[in-house]
Protein chains: 2
Amino acid sequence: MCSTRSRSGGSRDVRLQGFPDRTSLEEAQRWLDDLPVNRDEEEIGVDACVGRLAAAPVDAPSDLPPVARAAEDGYAIRAEDSLGASAYGPQLLVLAPPAATLAQGSAVLVAAGEALPEGADAVVPFEAAQASGTEVEVTSAVAVGTGVDQPGRLVRAGTRLFGPARPLRPQDAALLAALGMQQVRVARRPRVRLVVAGPKRCGASPSPADASGLLLRALLGRDGCAVDAVPTRADLRDAVLEAAAEPAPDLLLVVGRTGTGADDEAPLAVARAGELAVHGIALRPGGTAGLGRIGAAPVALLPGDPLACMFAYELVAGRLVRRLAGGDPGLPHAVLEAEASRKIVSTVGFVEACQVRLVDGRAEPVGSAEAGGLASAARADGFVLVPAGSEGYAPGSRVTVRLYG
Amino acid sequence: MCSTRSRSGGSRDVRLQGFPDRTSLEEAQRWLDDLPVNRDEEEIGVDACVGRLAAAPVDAPSDLPPVARAAEDGYAIRAEDSLGASAYGPQLLVLAPPAATLAQGSAVLVAAGEALPEGADAVVPFEAAQASGTEVEVTSAVAVGTGVDQPGRLVRAGTRLFGPARPLRPQDAALLAALGMQQVRVARRPRVRLVVAGPKRCGASPSPADASGLLLRALLGRDGCAVDAVPTRADLRDAVLEAAAEPAPDLLLVVGRTGTGADDEAPLAVARAGELAVHGIALRPGGTAGLGRIGAAPVALLPGDPLACMFAYELVAGRLVRRLAGGDPGLPHAVLEAEASRKIVSTVGFVEACQVRLVDGRAEPVGSAEAGGLASAARADGFVLVPAGSEGYAPGSRVTVRLYG
């Protein structure tokens with residue numbers, strides 16, 4: 001059980017004391033969601049745009065095809081030259097080499113997709129036109145436009161191709177390329193600076209915060225960020241000030257040293273360098289996370305424990321990242337409704353992320369937020385969020401599973 | 001309508017003739033699925049493994065934590081030194097600086113996650129231990145193991161962490177890092193060589209095959225390939241031979257010039273350089289695709305039209321790529337069952353991919369395989385595959401939508 005409070009600033013020193021109360025997840029999210037974001041744009045090559053978000057709706061700059069093209073393989077002709085042609089009375093045309101213009105009374109071989117020469121207004125398929133030496137025998141009269149993709153048949157100039165709401169896909173990039181576009185304006189990648197502040201001592205074993213740094217880089221990559229790592233320092237405040245320096249990043253993330261231990265200096269480092277608005281969130285795992293600001297840079301403090309770091313990122317800091325990237329701030333995971341096969345236990349007062357596996361289409365809890373940690377998340381297919389007011393779900397309840405990967 | 005045939009080799013020259021018959025999609029897939037693949041492995045850094053497939057099941061190399069660690073913030077002590085301690089009769093211990101070994105009668109400040117010094121076997125939380133000058137007052141007796149994460153509590157050495165069946169996720173990488181692993185064996189990226197053989201002439205407009213090349217690179221990237229582009233040549237066969245040269249790629253893709261036009265020389269180039277096993281598949285769009293082999297290298301011919309290229313890749317060539325990458329050869333798209341809001345029309349004799357948008361949860365066809373092409377795919381949310389024996393779906397039918405992106 002935990003008392004949540006109206007956000008009253010996070011400048012209390014919780015070291016060697018513990019959290020007297022915690023900010024609710026909703027309030028922490030609101031603080032971040034209320035930050036103004038500078039949605040910069042950049043122009044990039046169409047060949048690199050897949051996965052990026054268009055900065056503005058994209059309209060077709062020209063017709064597609066831009067010029068009349070052969071819709072099928074055959075001979076391009078002037079339709080009037082086929083007048084009266086039949087199997088019994090073929091019209092004989094001169095087989096001309098490819099040229100910019102098609103002379104009257106001649107035919108030129110074209111492949112589907114090829115631009116028609118000036119003057120040509122129809123394509124006769126091989127079934128109705130056979131070459132023989134320097135002549136082409138046309139055995140069927142064709143109307144103007146037969147076998148021709150007129151300019152704009154696929155897309156008219158000015159047509160809205162797509163809005164800025166979703167990441168560009170391979171076929172979107174191909175369409176832009178087919179329209180002759182070489183550049184496209186997209187939302188600039190959020191610039192994140194990352195300070196991994198591992199514990200001062202953890203023996204010969206690897207630091208959990210290093211694992212968190214690695215995990216975080218993968219999540220930031222998924223969310224489209226450019227990440228710049230700033231090495232930590234003997235005095236964490238020096239590293240934090242360096243990471244917040246001009247040009248200010250869109251977000252500064254400090255991983256580790258967020259708890260109640262003697263060396264948990266990250267909250268104090270932020271409070272001294274700027275403003276610590278939130279420290280301690282009613283979230284499990286991830287409850288030692290914090291939020292603040294140094295100069296123009298928003299700061300999120302993420303726990304050093306990897307699983308806690310993951311959820312503090314996904315549910316709190318990631319919201320700002322995804323908004324900066326021009327997307328939806330909500331969780332990016334695909335969602336599945338399933339029945340809980342066993343009881344899902346959660347602590348009242350905390351929003352809790354419970355790891356679940358899917359077994360025969362049912363959600364089975366894997367470990368708990370406390371026991372198993374990262375190892376449960378590696379065995380899980382997804383997680384269930386239990387609201388702060390609930391102590392969990394009974395077996396057979398319908399739950400919403402957010403799927404990993 | 002189209003007649004399919006038992007695969008009889010693809011060495012017929014269909015140029016200026018058309019396809020007399022086509023290989024069924026199933027048979028083309030079977031030809032590819034029957035190719036032996038060399039599933040090579042490679043060792044990569046744990047910090048680069050997210051999205052890759054483990055080459056073999058991964059077992060924990062050691063316990064996690066590897067050594068006893070503080071489970072919470074507090075003072076590490078020898079439990080026996082707290083014997084008899086109470087609020088009224090505290091035990092006074094010497095506040096020692098961090099050291100490899102904890103002397104009897106002393107206490108050292110530890111943060112959650114920190115390794116305990118040799119000799120310490122309990123952690124007293126701040127509620128039961130307060131420092132004062134050079135002493136720590138312990139006001140509660142603790143048992144051996146209190147506040148300690150024993151070695152192996154999260155993961156025991158030898159525990160199976162994950163099999164090779166799914167791509168590694170951020171938390172998987174973090175778990176490997178937390179276990180002290182720096183390298184992991186993963187399936188080697190399939191090595192694909194790509195020849196984009198645009199039409200010889202298409203006026204001033206961009207070549208559709210260039211758009212296809214761009215699209216294909218995005219799909220190959222999604223499927224985890226390393227792509228090596230080989231420039232085309234005046235004689236396409238030279239480019240194809242170069243692209244198939246030793247060390248042979250896992251797959252050679254030739255994009256464009258697969259149809260029935262005069263300059264559609266890709267099938268002939270393959271037939272002359274090696275074996276053309278399939279040319280012409282009962283698939284729309286994508287029906288001019290082909291399959292073959294040059295020396296040790298499997299070859300797939302993909303149409304130059306971007307949408308046709310996309311489906312020939314997804315339904316045919318991509319199967320081999322995904323198998324090479326160590327994954328499931330099937331389509332990678334998420335799937336949704338929905339009701340068709342309008343009639344979905346398809347040509348009997350061809351497996352047809354129909355573009356659909358989701359409107360109020362129902363699948364609404366966008367254009368047709370013939371009309372709209374790439375522009376429909378850019379407007380669509382996914383596609384519905386109509387089997388060769390069906391002429392489509394009536395409004396209100398339940399259809400399976402494969403979702404883009």
# chains A, B, ... in the order shown; residues from 1 in each chain; ligands from 1
$ residues_around --residues "Val386 in chain B" --least-positions-apart "5" --cutoff "7 Å" --atoms "only C-alpha atoms" --output "mmCIF file with C-alpha atoms, in the first residue's frame"
data_model
loop_
_atom_site.group_PDB
_atom_site.id
_atom_site.type_symbol
_atom_site.label_atom_id
_atom_site.label_comp_id
_atom_site.auth_asym_id
_atom_site.auth_seq_id
_atom_site.Cartn_x
_atom_site.Cartn_y
_atom_site.Cartn_z
ATOM 1 C CA SER B 346 -10.228 -11.627 -57.883
ATOM 2 C CA VAL B 351 -3.635 -16.169 -56.111
ATOM 3 C CA GLU B 352 -4.443 -12.486 -55.840
ATOM 4 C CA ALA B 353 -3.330 -9.948 -53.247
ATOM 5 C CA GLY B 392 -13.280 -13.208 -54.477
#
$ residues_around --residues "range 91-95 of chain A" --least-positions-apart "2" --cutoff "6 Å" --atoms "only C-alpha atoms" --output "list of chain:residue names"
A:Ala85, A:Gly105, A:Ser106, A:Ala107, A:Val108, A:Thr134, A:Glu135, A:Val136, A:Glu137, A:Val138
$ write_last_selection --atoms "N, CA and C atoms" --output "PDB file, in the first residue's frame"
ATOM      1  N   ALA A  85      -7.706  -2.376 -90.367  1.00  0.00           N
ATOM      2  CA  ALA A  85      -6.887  -3.592 -90.324  1.00  0.00           C
ATOM      3  C   ALA A  85      -7.712  -4.783 -89.862  1.00  0.00           C
ATOM      4  N   GLY A 105       2.766   5.989 -90.109  1.00  0.00           N
ATOM      5  CA  GLY A 105       2.961   4.755 -90.877  1.00  0.00           C
ATOM      6  C   GLY A 105       4.021   3.845 -90.314  1.00  0.00           C
ATOM      7  N   SER A 106       4.475   4.091 -89.076  1.00  0.00           N
ATOM      8  CA  SER A 106       5.500   3.208 -88.527  1.00  0.00           C
ATOM      9  C   SER A 106       5.095   2.695 -87.142  1.00  0.00           C
ATOM     10  N   ALA A 107       5.830   1.689 -86.672  1.00  0.00           N
ATOM     11  CA  ALA A 107       5.553   1.044 -85.382  1.00  0.00           C
ATOM     12  C   ALA A 107       6.878   0.849 -84.671  1.00  0.00           C
ATOM     13  N   VAL A 108       6.852   0.934 -83.338  1.00  0.00           N
ATOM     14  CA  VAL A 108       8.092   0.712 -82.587  1.00  0.00           C
ATOM     15  C   VAL A 108       7.788  -0.245 -81.422  1.00  0.00           C
ATOM     16  N   THR A 134      11.532  -5.835 -91.819  1.00  0.00           N
ATOM     17  CA  THR A 134      11.461  -4.417 -91.471  1.00  0.00           C
ATOM     18  C   THR A 134      10.019  -3.936 -91.383  1.00  0.00           C
ATOM     19  N   GLU A 135       9.067  -4.889 -91.440  1.00  0.00           N
ATOM     20  CA  GLU A 135       7.661  -4.492 -91.404  1.00  0.00           C
ATOM     21  C   GLU A 135       6.946  -5.092 -90.201  1.00  0.00           C
ATOM     22  N   VAL A 136       5.870  -4.419 -89.794  1.00  0.00           N
ATOM     23  CA  VAL A 136       4.989  -4.968 -88.760  1.00  0.00           C
ATOM     24  C   VAL A 136       3.608  -5.098 -89.369  1.00  0.00           C
ATOM     25  N   GLU A 137       3.056  -6.311 -89.270  1.00  0.00           N
ATOM     26  CA  GLU A 137       1.713  -6.582 -89.797  1.00  0.00           C
ATOM     27  C   GLU A 137       0.708  -6.394 -88.679  1.00  0.00           C
ATOM     28  N   VAL A 138      -0.148  -5.372 -88.790  1.00  0.00           N
ATOM     29  CA  VAL A 138      -1.167  -5.137 -87.767  1.00  0.00           C
ATOM     30  C   VAL A 138      -2.466  -5.755 -88.263  1.00  0.00           C
TER      31      VAL A 138
END
$ select_by_dssp --residues "range 22-244 of chain A" --states "strand (DSSP E or B)" --output "PyMOL selection string"
chain A and resi 22-23+41-45+53-54+58-59+64+69-70+74-77+91-95+101+106-110+115+118+122-124+129-132+135-138+148-149+155+160-162+167+183-187+191-196+226-229
$ residues_around --residues "Phe350 in chain A" --least-positions-apart "3" --cutoff "7 Å" --atoms "only C-alpha atoms" --output "PDB file with N, CA and C atoms, in the first residue's frame"
ATOM      1  N   ALA A 282       4.089   5.907  -8.382  1.00  0.00           N
ATOM      2  CA  ALA A 282       3.360   4.736  -7.896  1.00  0.00           C
ATOM      3  C   ALA A 282       3.254   3.704  -9.021  1.00  0.00           C
ATOM      4  N   LEU A 283       4.405   3.137  -9.371  1.00  0.00           N
ATOM      5  CA  LEU A 283       4.532   2.219 -10.504  1.00  0.00           C
ATOM      6  C   LEU A 283       5.457   1.089 -10.075  1.00  0.00           C
ATOM      7  N   ARG A 284       5.120  -0.146 -10.458  1.00  0.00           N
ATOM      8  CA  ARG A 284       5.985  -1.293 -10.176  1.00  0.00           C
ATOM      9  C   ARG A 284       6.075  -2.204 -11.365  1.00  0.00           C
ATOM     10  N   THR A 347      -0.074  -5.137  -6.282  1.00  0.00           N
ATOM     11  CA  THR A 347      -0.129  -4.379  -5.039  1.00  0.00           C
ATOM     12  C   THR A 347      -1.042  -3.168  -5.210  1.00  0.00           C
ATOM     13  N   ALA A 388      -3.841   1.043 -10.385  1.00  0.00           N
ATOM     14  CA  ALA A 388      -3.427   1.250  -8.992  1.00  0.00           C
ATOM     15  C   ALA A 388      -4.508   0.816  -8.015  1.00  0.00           C
TER      16      ALA A 388
END
$ residues_around --residues "Ala211 in chain A" --least-positions-apart "3" --cutoff "12 Å" --atoms "only C-alpha atoms" --output "short mmCIF file (atom, residue, chain, number, x, y, z; two decimals) with all heavy atoms, in the first residue's frame"
data_model
loop_
_atom_site.label_atom_id
_atom_site.label_comp_id
_atom_site.auth_asym_id
_atom_site.auth_seq_id
_atom_site.Cartn_x
_atom_site.Cartn_y
_atom_site.Cartn_z
N VAL A 196 24.58 6.82 -18.16
CA VAL A 196 24.38 5.60 -17.39
C VAL A 196 25.22 5.71 -16.12
O VAL A 196 26.44 5.65 -16.16
CB VAL A 196 24.77 4.35 -18.21
CG1 VAL A 196 24.63 3.09 -17.34
CG2 VAL A 196 23.89 4.23 -19.44
N ALA A 197 24.51 5.91 -15.01
CA ALA A 197 25.19 6.13 -13.73
C ALA A 197 25.08 4.86 -12.91
O ALA A 197 24.20 4.73 -12.07
CB ALA A 197 24.52 7.30 -13.01
N GLY A 198 25.95 3.92 -13.21
CA GLY A 198 25.91 2.65 -12.49
C GLY A 198 26.21 2.86 -11.02
O GLY A 198 26.69 3.93 -10.62
N SER A 205 30.80 -8.44 -10.63
CA SER A 205 29.66 -8.75 -11.50
C SER A 205 29.31 -7.53 -12.34
O SER A 205 29.60 -6.39 -11.96
CB SER A 205 28.46 -9.13 -10.64
OG SER A 205 28.19 -8.09 -9.72
N PRO A 206 28.70 -7.75 -13.53
CA PRO A 206 28.36 -6.59 -14.35
C PRO A 206 27.33 -5.73 -13.64
O PRO A 206 26.52 -6.22 -12.86
CB PRO A 206 27.79 -7.21 -15.62
CG PRO A 206 27.46 -8.62 -15.29
CD PRO A 206 28.26 -9.02 -14.11
N SER A 207 27.35 -4.46 -13.92
CA SER A 207 26.41 -3.55 -13.28
C SER A 207 25.03 -3.67 -13.92
O SER A 207 24.91 -3.66 -15.14
CB SER A 207 26.92 -2.12 -13.44
OG SER A 207 25.84 -1.22 -13.40
N PRO A 208 23.99 -3.79 -13.10
CA PRO A 208 22.64 -3.82 -13.67
C PRO A 208 22.37 -2.59 -14.53
O PRO A 208 21.68 -2.67 -15.55
CB PRO A 208 21.74 -3.84 -12.44
CG PRO A 208 22.59 -4.33 -11.31
CD PRO A 208 23.98 -3.88 -11.64
N LEU A 214 21.91 -0.73 -22.16
CA LEU A 214 21.80 -1.50 -23.40
C LEU A 214 20.32 -1.66 -23.79
O LEU A 214 19.94 -1.46 -24.95
CB LEU A 214 22.46 -2.84 -23.12
CG LEU A 214 22.70 -3.83 -24.23
CD1 LEU A 214 23.84 -4.74 -23.80
CD2 LEU A 214 21.46 -4.65 -24.51
N LEU A 215 19.51 -2.01 -22.82
CA LEU A 215 18.07 -2.19 -23.05
C LEU A 215 17.46 -0.87 -23.56
O LEU A 215 16.69 -0.84 -24.52
CB LEU A 215 17.44 -2.61 -21.73
CG LEU A 215 15.96 -2.95 -21.69
CD1 LEU A 215 15.73 -3.98 -20.59
CD2 LEU A 215 15.10 -1.75 -21.43
N LEU A 216 17.87 0.20 -22.92
CA LEU A 216 17.30 1.50 -23.23
C LEU A 216 17.68 1.95 -24.64
O LEU A 216 16.86 2.52 -25.37
CB LEU A 216 17.84 2.51 -22.22
CG LEU A 216 16.99 3.71 -21.94
CD1 LEU A 216 15.58 3.33 -21.60
CD2 LEU A 216 17.61 4.48 -20.79
N ARG A 217 18.91 1.66 -25.04
CA ARG A 217 19.32 2.03 -26.39
C ARG A 217 18.45 1.31 -27.43
O ARG A 217 18.10 1.89 -28.45
CB ARG A 217 20.77 1.63 -26.63
CG ARG A 217 21.75 2.60 -26.04
CD ARG A 217 23.16 2.06 -26.18
NE ARG A 217 24.13 3.09 -25.92
CZ ARG A 217 24.46 4.04 -26.79
NH1 ARG A 217 23.94 4.08 -28.00
NH2 ARG A 217 25.33 4.97 -26.45
N ALA A 218 18.10 0.06 -27.13
CA ALA A 218 17.25 -0.69 -28.06
C ALA A 218 15.85 -0.06 -28.12
O ALA A 218 15.28 0.10 -29.20
CB ALA A 218 17.16 -2.16 -27.65
N VAL A 255 20.27 7.02 -16.10
CA VAL A 255 19.91 5.65 -15.70
C VAL A 255 20.70 5.25 -14.47
O VAL A 255 21.93 5.29 -14.48
CB VAL A 255 20.22 4.66 -16.84
CG1 VAL A 255 19.76 3.26 -16.45
CG2 VAL A 255 19.54 5.10 -18.11
N GLY A 256 19.99 4.87 -13.44
CA GLY A 256 20.64 4.37 -12.22
C GLY A 256 20.75 5.43 -11.15
O GLY A 256 20.58 6.63 -11.39
N PRO A 303 15.36 4.01 -13.20
CA PRO A 303 16.03 3.11 -12.26
C PRO A 303 17.13 2.30 -12.94
O PRO A 303 17.05 2.00 -14.13
CB PRO A 303 14.90 2.18 -11.80
CG PRO A 303 13.63 2.91 -12.09
CD PRO A 303 13.91 3.77 -13.28
N GLY A 304 18.14 1.91 -12.18
CA GLY A 304 19.23 1.11 -12.71
C GLY A 304 18.86 -0.34 -12.93
O GLY A 304 19.45 -1.00 -13.79
N ASP A 305 17.88 -0.85 -12.20
CA ASP A 305 17.44 -2.22 -12.43
C ASP A 305 16.79 -2.30 -13.82
O ASP A 305 15.92 -1.50 -14.16
CB ASP A 305 16.41 -2.62 -11.37
CG ASP A 305 15.79 -3.96 -11.69
OD1 ASP A 305 16.45 -4.98 -11.43
OD2 ASP A 305 14.67 -4.01 -12.24
N PRO A 306 17.21 -3.26 -14.66
CA PRO A 306 16.77 -3.25 -16.06
C PRO A 306 15.26 -3.32 -16.25
O PRO A 306 14.71 -2.61 -17.08
CB PRO A 306 17.46 -4.49 -16.65
CG PRO A 306 18.66 -4.71 -15.80
CD PRO A 306 18.25 -4.29 -14.42
N LEU A 307 14.58 -4.16 -15.47
CA LEU A 307 13.14 -4.28 -15.68
C LEU A 307 12.43 -2.99 -15.23
O LEU A 307 11.50 -2.50 -15.89
CB LEU A 307 12.59 -5.49 -14.93
CG LEU A 307 11.21 -5.95 -15.38
CD1 LEU A 307 11.21 -6.36 -16.83
CD2 LEU A 307 10.72 -7.10 -14.51
N ALA A 308 12.88 -2.44 -14.12
CA ALA A 308 12.32 -1.18 -13.64
C ALA A 308 12.59 -0.07 -14.65
O ALA A 308 11.72 0.77 -14.93
CB ALA A 308 12.92 -0.83 -12.28
N CYS A 309 13.78 -0.10 -15.22
CA CYS A 309 14.16 0.88 -16.23
C CYS A 309 13.23 0.77 -17.44
O CYS A 309 12.74 1.76 -17.98
CB CYS A 309 15.62 0.64 -16.63
SG CYS A 309 16.19 1.71 -17.94
N MET A 310 12.98 -0.48 -17.85
CA MET A 310 12.13 -0.70 -19.03
C MET A 310 10.74 -0.11 -18.81
O MET A 310 10.22 0.60 -19.67
CB MET A 310 12.03 -2.19 -19.34
CG MET A 310 11.18 -2.48 -20.56
SD MET A 310 11.52 -4.11 -21.28
CE MET A 310 10.35 -5.12 -20.42
N LEU A 374 14.01 -9.34 -14.49
CA LEU A 374 14.38 -9.41 -15.89
C LEU A 374 14.19 -10.81 -16.47
O LEU A 374 13.79 -10.95 -17.63
CB LEU A 374 15.85 -8.99 -15.99
CG LEU A 374 16.41 -8.67 -17.34
CD1 LEU A 374 15.57 -7.61 -18.02
CD2 LEU A 374 17.85 -8.19 -17.19
N VAL B 46 26.56 -8.58 -27.51
CA VAL B 46 25.22 -8.56 -26.91
C VAL B 46 24.55 -7.21 -27.15
O VAL B 46 23.34 -7.11 -27.29
CB VAL B 46 25.34 -8.90 -25.41
CG1 VAL B 46 24.10 -8.49 -24.65
CG2 VAL B 46 25.59 -10.39 -25.23
N ASP B 47 25.36 -6.15 -27.27
CA ASP B 47 24.78 -4.82 -27.46
C ASP B 47 24.24 -4.62 -28.87
O ASP B 47 23.66 -3.58 -29.17
CB ASP B 47 25.80 -3.73 -27.12
CG ASP B 47 27.09 -3.88 -27.92
OD1 ASP B 47 27.21 -4.89 -28.66
OD2 ASP B 47 27.95 -3.00 -27.82
N PRO B 170 14.72 -6.41 -26.42
CA PRO B 170 15.58 -5.60 -25.54
C PRO B 170 15.82 -6.25 -24.19
O PRO B 170 16.95 -6.29 -23.70
CB PRO B 170 14.80 -4.29 -25.42
CG PRO B 170 14.05 -4.17 -26.70
CD PRO B 170 13.66 -5.59 -27.05
N GLN B 171 14.78 -6.83 -23.58
CA GLN B 171 14.98 -7.42 -22.26
C GLN B 171 15.83 -8.68 -22.32
O GLN B 171 16.49 -9.04 -21.35
CB GLN B 171 13.64 -7.69 -21.55
CG GLN B 171 12.75 -8.72 -22.20
CD GLN B 171 11.69 -8.09 -23.08
OE1 GLN B 171 11.98 -7.17 -23.84
NE2 GLN B 171 10.48 -8.60 -23.01
N ASP B 172 15.80 -9.38 -23.46
CA ASP B 172 16.65 -10.57 -23.60
C ASP B 172 18.12 -10.14 -23.62
O ASP B 172 18.97 -10.75 -22.97
CB ASP B 172 16.32 -11.31 -24.90
CG ASP B 172 14.85 -11.72 -24.97
OD1 ASP B 172 14.25 -11.98 -23.91
OD2 ASP B 172 14.30 -11.77 -26.08
N ALA B 173 18.39 -9.10 -24.40
CA ALA B 173 19.77 -8.60 -24.48
C ALA B 173 20.23 -8.12 -23.10
O ALA B 173 21.37 -8.38 -22.68
CB ALA B 173 19.85 -7.46 -25.49
N ALA B 174 19.34 -7.44 -22.38
CA ALA B 174 19.70 -6.94 -21.05
C ALA B 174 19.98 -8.09 -20.10
O ALA B 174 20.90 -8.03 -19.28
CB ALA B 174 18.58 -6.05 -20.51
N LEU B 175 19.21 -9.17 -20.23
CA LEU B 175 19.43 -10.33 -19.36
C LEU B 175 20.81 -10.95 -19.65
O LEU B 175 21.55 -11.29 -18.72
CB LEU B 175 18.31 -11.36 -19.56
CG LEU B 175 18.42 -12.64 -18.73
CD1 LEU B 175 18.48 -12.34 -17.25
CD2 LEU B 175 17.24 -13.58 -19.03
N LEU B 176 21.14 -11.08 -20.93
CA LEU B 176 22.46 -11.62 -21.28
C LEU B 176 23.56 -10.73 -20.70
O LEU B 176 24.53 -11.22 -20.13
CB LEU B 176 22.61 -11.73 -22.80
CG LEU B 176 21.62 -12.69 -23.49
CD1 LEU B 176 21.83 -12.66 -25.01
CD2 LEU B 176 21.77 -14.11 -22.96
N ALA B 177 23.38 -9.42 -20.83
CA ALA B 177 24.38 -8.49 -20.29
C ALA B 177 24.46 -8.61 -18.78
O ALA B 177 25.55 -8.62 -18.20
CB ALA B 177 24.04 -7.06 -20.70
N ALA B 178 23.31 -8.72 -18.13
CA ALA B 178 23.30 -8.83 -16.67
C ALA B 178 24.00 -10.11 -16.22
O ALA B 178 24.55 -10.17 -15.13
CB ALA B 178 21.86 -8.79 -16.16
N LEU B 179 23.97 -11.14 -17.09
CA LEU B 179 24.63 -12.40 -16.77
C LEU B 179 26.12 -12.35 -17.11
O LEU B 179 26.82 -13.34 -17.02
CB LEU B 179 23.96 -13.55 -17.54
CG LEU B 179 22.65 -14.05 -16.92
CD1 LEU B 179 21.82 -14.80 -17.95
CD2 LEU B 179 22.94 -14.93 -15.71
N GLY B 180 26.56 -11.20 -17.57
CA GLY B 180 27.98 -11.04 -17.85
C GLY B 180 28.39 -11.51 -19.23
O GLY B 180 29.57 -11.56 -19.55
N MET B 181 27.41 -11.87 -20.08
CA MET B 181 27.75 -12.30 -21.44
C MET B 181 28.03 -11.07 -22.29
O MET B 181 27.30 -10.09 -22.24
CB MET B 181 26.60 -13.11 -22.05
CG MET B 181 26.42 -14.46 -21.37
SD MET B 181 25.01 -15.36 -22.07
CE MET B 181 25.64 -15.76 -23.72
N GLN B 182 29.09 -11.15 -23.07
CA GLN B 182 29.40 -10.03 -23.96
C GLN B 182 29.14 -10.38 -25.40
O GLN B 182 28.98 -9.50 -26.25
CB GLN B 182 30.85 -9.59 -23.75
CG GLN B 182 30.96 -8.92 -22.38
CD GLN B 182 32.36 -8.54 -22.02
OE1 GLN B 182 33.30 -8.82 -22.74
NE2 GLN B 182 32.50 -7.88 -20.89
#
$ residues_around --residues "Phe311 in chain B" --least-positions-apart "4" --cutoff "7 Å" --atoms "only C-alpha atoms" --output "list of chain:residue names"
B:Pro285, B:Gly286, B:Leu307, B:Leu315
$ select_by_dssp --residues "range 155-394 of chain A" --states "alpha helix (DSSP H)" --output "VMD selection string"
chain A and resid 170 to 178 208 to 222 236 to 244 266 to 273 306 to 312 318 to 324 373 to 379
$ closest_residue --among "A:Arg257, A:Arg188, A:Arg153, A:Arg237" --to "Ala273 in chain A" --atoms "only C-alpha atoms"
A:Arg237
$ closest_residue --among "B:Ala296, B:Arg323, B:Asp13, B:Ile44" --to "Gly261 in chain B" --atoms "only C-alpha atoms"
B:Asp13
$ residues_around --residues "Asp149 in chain A" --least-positions-apart "4" --cutoff "7 Å" --atoms "only C-alpha atoms" --output "list in words"
Ala68, Arg69, Ala70, Ala71 and Arg153 of chain A
